[in-house]
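Asks: See input39.csv below, with CSV, C-alpha atoms.
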chain,number,residue,atom,x,y,z
A,1,MET,CA,131.8,75.6,169.5
A,2,ARG,CA,130.3,78.7,167.9
A,3,LYS,CA,130.8,79.4,164.2
A,4,GLU,CA,133.4,82.1,163.5
A,5,PRO,CA,132.3,85.8,163.3
A,6,MET,CA,130.9,86.9,160.0
A,7,ASN,CA,132.5,90.3,159.3
A,8,GLN,CA,136.0,90.6,157.9
A,9,ILE,CA,138.1,93.8,158.0
A,10,SER,CA,138.7,95.7,154.7
A,11,GLU,CA,141.0,94.2,152.1
A,12,LYS,CA,142.8,97.5,152.1
A,13,GLY,CA,144.0,96.6,155.6
A,14,LEU,CA,146.1,93.9,153.9
A,15,ARG,CA,147.8,96.6,151.9
A,16,VAL,CA,148.3,98.8,155.0
A,17,TRP,CA,150.0,95.9,156.9
A,18,ARG,CA,152.2,95.3,153.9
A,19,VAL,CA,153.3,99.0,153.9
A,20,TYR,CA,154.1,98.6,157.6
A,21,GLY,CA,156.1,95.5,156.8
A,22,MET,CA,158.0,97.5,154.0
A,23,ILE,CA,158.8,100.3,156.5
A,24,GLN,CA,160.2,97.7,159.0
A,25,ALA,CA,162.1,95.9,156.2
A,26,PHE,CA,163.8,99.2,155.3
A,27,PHE,CA,165.3,99.4,158.7
A,28,ILE,CA,166.3,95.7,158.6
A,29,LEU,CA,168.0,96.5,155.3
A,30,LEU,CA,169.9,99.4,156.9
A,31,LEU,CA,171.1,97.0,159.6
A,32,ALA,CA,172.2,94.5,156.9
A,33,ILE,CA,174.1,97.2,155.1
A,34,GLY,CA,175.7,98.2,158.4
A,35,ALA,CA,176.8,94.6,158.9
A,36,GLY,CA,178.2,94.6,155.3
A,37,VAL,CA,180.2,97.8,156.0
A,38,LEU,CA,181.6,96.4,159.3
A,39,THR,CA,182.5,93.2,157.4
A,40,TYR,CA,184.4,95.3,154.8
A,41,ILE,CA,186.1,97.5,157.4
A,42,PHE,CA,187.2,94.7,159.8
A,43,GLU,CA,187.9,92.2,157.0
A,44,TRP,CA,185.5,89.6,158.4
A,45,PRO,CA,184.6,86.5,156.4
A,46,LEU,CA,182.5,87.2,153.3
A,47,TYR,CA,179.7,84.7,154.2
A,48,ILE,CA,178.4,87.5,156.6
A,49,TYR,CA,177.2,89.2,153.4
A,50,ALA,CA,175.3,86.1,152.4
A,51,ILE,CA,173.8,85.8,155.9
A,52,ALA,CA,172.7,89.5,156.0
A,53,GLY,CA,171.2,89.2,152.5
A,54,ALA,CA,169.3,86.0,153.4
A,55,VAL,CA,168.0,87.6,156.6
A,56,VAL,CA,166.7,90.6,154.6
A,57,ILE,CA,165.0,88.4,152.0
A,58,LEU,CA,163.4,86.2,154.6
A,59,TYR,CA,162.2,89.2,156.6
A,60,ILE,CA,160.7,90.8,153.5
A,61,TYR,CA,158.9,87.5,152.5
A,62,CYS,CA,157.5,87.0,156.0
A,63,PHE,CA,156.6,90.5,157.1
A,64,VAL,CA,155.6,92.0,153.7
A,65,TYR,CA,153.8,89.0,152.1
A,66,LEU,CA,153.1,86.0,154.3
A,67,PHE,CA,152.2,87.3,157.8
A,68,PRO,CA,149.9,90.2,156.6
A,69,LYS,CA,148.0,87.7,154.4
A,70,ILE,CA,147.4,85.2,157.2
A,71,LYS,CA,146.6,88.0,159.7
A,72,TRP,CA,144.0,89.5,157.3
A,73,MET,CA,142.4,86.1,156.5
A,74,ARG,CA,142.0,85.4,160.3
A,75,TRP,CA,140.7,88.8,161.4
A,76,ARG,CA,137.0,88.6,161.9
A,77,TYR,CA,134.5,90.4,164.1
A,78,GLU,CA,130.8,90.5,164.8
A,79,VAL,CA,128.7,92.9,166.8
A,80,ARG,CA,125.6,91.4,168.4
A,81,GLU,CA,122.9,92.9,170.7
A,82,THR,CA,124.6,91.6,173.8
A,83,GLU,CA,128.2,91.1,172.9
A,84,ILE,CA,131.1,91.8,170.5
A,85,GLU,CA,133.1,88.9,169.2
A,86,LEU,CA,136.6,89.2,167.9
A,87,GLN,CA,138.8,86.6,166.2
A,88,TYR,CA,142.4,87.3,165.4
A,89,GLY,CA,145.9,85.8,165.5
A,90,LEU,CA,148.7,84.8,163.3
A,91,PHE,CA,149.7,81.3,164.6
A,92,ILE,CA,147.5,81.1,167.7
A,93,VAL,CA,143.9,82.2,166.9
A,94,LYS,CA,142.2,84.1,169.7
A,95,ARG,CA,138.5,84.5,170.1
A,96,THR,CA,137.3,87.2,172.5
A,97,LEU,CA,133.8,88.0,173.6
A,98,ILE,CA,133.1,91.5,175.0
A,99,PRO,CA,129.8,91.8,176.8
A,100,MET,CA,128.0,95.1,175.9
A,101,VAL,CA,127.4,95.9,179.6
A,102,ARG,CA,131.2,96.1,180.0
A,103,VAL,CA,131.8,98.6,177.2
A,104,GLN,CA,132.7,102.0,178.6
A,105,HIS,CA,133.5,103.9,175.4
A,106,VAL,CA,134.4,103.4,171.8
A,107,ASP,CA,137.0,105.4,169.8
A,108,THR,CA,138.1,105.5,166.2
A,109,SER,CA,141.8,106.2,165.3
A,110,GLN,CA,143.4,106.9,162.0
A,111,GLY,CA,147.2,107.4,161.4
A,112,PRO,CA,148.7,108.8,158.2
A,113,ILE,CA,148.9,105.4,156.4
A,114,LEU,CA,145.4,104.4,157.4
A,115,ARG,CA,144.2,107.9,156.2
A,116,LYS,CA,145.8,107.4,152.8
A,117,TYR,CA,143.7,104.3,152.3
A,118,ASN,CA,140.5,105.8,153.9
A,119,LEU,CA,140.6,103.3,156.8
A,120,ALA,CA,140.3,103.6,160.6
A,121,GLY,CA,140.6,101.4,163.6
A,122,ILE,CA,138.0,101.1,166.4
A,123,THR,CA,139.1,100.8,170.0
A,124,ILE,CA,136.6,99.3,172.4
A,125,SER,CA,137.4,100.1,176.0
A,126,THR,CA,136.2,98.2,179.1
A,127,ALA,CA,137.2,98.7,182.7
A,128,ALA,CA,140.0,96.2,182.4
A,129,THR,CA,141.2,96.2,178.8
A,130,ASP,CA,141.1,97.8,175.3
A,131,HIS,CA,140.2,95.8,172.2
A,132,GLU,CA,140.8,97.0,168.7
A,133,ILE,CA,139.2,96.2,165.3
A,134,PRO,CA,141.8,97.5,162.8
A,135,ALA,CA,141.5,98.6,159.2
A,136,LEU,CA,137.8,99.3,158.7
A,137,VAL,CA,136.6,101.6,155.9
A,138,MET,CA,136.1,105.0,157.5
A,139,GLU,CA,132.3,105.1,157.0
A,140,GLU,CA,131.9,101.6,158.3
A,141,ALA,CA,134.1,102.5,161.3
A,142,ASP,CA,131.9,105.5,162.1
A,143,ASP,CA,128.7,103.5,161.8
A,144,LEU,CA,130.1,100.7,163.9
A,145,ARG,CA,131.3,103.1,166.6
A,146,SER,CA,127.8,104.6,166.8
A,147,ARG,CA,126.1,101.2,166.8
A,148,ILE,CA,128.3,99.8,169.6
A,149,SER,CA,127.9,103.0,171.6
A,150,ASN,CA,124.1,102.8,171.3
A,151,LEU,CA,124.0,99.1,172.1
A,152,ALA,CA,126.2,99.7,175.1
A,153,ARG,CA,124.0,102.4,176.3
A,154,VAL,CA,120.9,100.2,176.0
A,155,ALA,CA,122.6,97.3,177.7
A,156,ASP,CA,123.6,99.7,180.5
A,157,ASP,CA,120.0,100.9,180.9
A,158,ASP,CA,118.7,97.3,181.2
A,159,VAL,CA,121.0,96.5,184.2
Could you spell out this file's structure in structure tokens?
Replies:
Amino acid sequence: MRKEPMNQISEKGLRVWRVYGMIQAFFILLLAIGAGVLTYIFEWPLYIYAIAGAVVILYIYCFVYLFPKIKWMRWRYEVRETEIELQYGLFIVKRTLIPMVRVQHVDTSQGPILRKYNLAGITISTAATDHEIPALVMEEADDLRSRISNLARVADDDV
């Protein structure tokens, strides 16, 4: 088996995924508060408060701390002359090889949270699928987009 790809996404990506987790946790907290209000209105058993609180705490731990860290540690990529290799996954680690001759176009994208951290994602499009490399420093994303585009053009000329 090949060794894993060399390049890792930016450590700021970990922070971005934690921010996403906090935003999601906020909505889970609102649901828990709603369950608490219903418990009070309909005089349901008080252990529902404890269950709702435990769900919120568990959700925050998993989606703000644990899962983003594992996801960041596993996310790797490498761009070679003839292929792009991606490795990612939380519990099941996937490794994908994208031949350069299959690359049709490469895009960068940047939402408001990524922009705050000066990060961008790269989307590599083939005829069948799209693959993304998330959370790269903006300059690195631009350079990588140009490099992949040039390599894909050269690979296409060789065929």
Asks: Could you list as a VMD selection string every residue that has an atom within 9 Å of (133.2, 100.0, 154.4), using the file's coordinates and counting all atoms listed in the file?
Replies: chain A and resid 9 to 10 119 136 to 141
Asks: At what distance in Å, to one decimal, does CA of Tyr59 (chain A) lie from CA of Thr39 (chain A)?
Replies: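 It comes out at 20.7 Å.
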Asks: Please report the interatomic distance between CA of Leu29 (chain A) and CA of Phe42 (chain A) in Å with one decimal.
Replies: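 CA of Phe42 (chain A) lies at a distance of 19.8 Å from CA of Leu29 (chain A).
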Asks: Region 82-98 of chain A: which residues within 10 Å, counting all atoms listed in the file, same-chain residues fewer than 6 positions away excluded, as a ChimeraX atom specification?
Replies: /A:4-8,67-76,124-126,131-133,148,151-152,154-155
Asks: May I have the selected residues written with C-alpha atoms, as a compact mmCIF listing (two decimals), in the frame of the given file?
Replies:
# COMPACT_ATOMS: atom_id res chain seq x y z
CA GLU A 4 133.40 82.10 163.50
CA PRO A 5 132.30 85.80 163.30
CA MET A 6 130.90 86.90 160.00
CA ASN A 7 132.50 90.30 159.30
CA GLN A 8 136.00 90.60 157.90
CA PHE A 67 152.20 87.30 157.80
CA PRO A 68 149.90 90.20 156.60
CA LYS A 69 148.00 87.70 154.40
CA ILE A 70 147.40 85.20 157.20
CA LYS A 71 146.60 88.00 159.70
CA TRP A 72 144.00 89.50 157.30
CA MET A 73 142.40 86.10 156.50
CA ARG A 74 142.00 85.40 160.30
CA TRP A 75 140.70 88.80 161.40
CA ARG A 76 137.00 88.60 161.90
CA ILE A 124 136.60 99.30 172.40
CA SER A 125 137.40 100.10 176.00
CA THR A 126 136.20 98.20 179.10
CA HIS A 131 140.20 95.80 172.20
CA GLU A 132 140.80 97.00 168.70
CA ILE A 133 139.20 96.20 165.30
CA ILE A 148 128.30 99.80 169.60
CA LEU A 151 124.00 99.10 172.10
CA ALA A 152 126.20 99.70 175.10
CA VAL A 154 120.90 100.20 176.00
CA ALA A 155 122.60 97.30 177.70
Asks: Restricting the calculation to all atoms listed in the file: of A:Gln110, A:Trp17, A:Ser149, A:Leu31, which residue gets closest to Gly53 (chain A)?
Replies: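 Smallest separation from Gly53 (chain A) among the options: A:Leu31.
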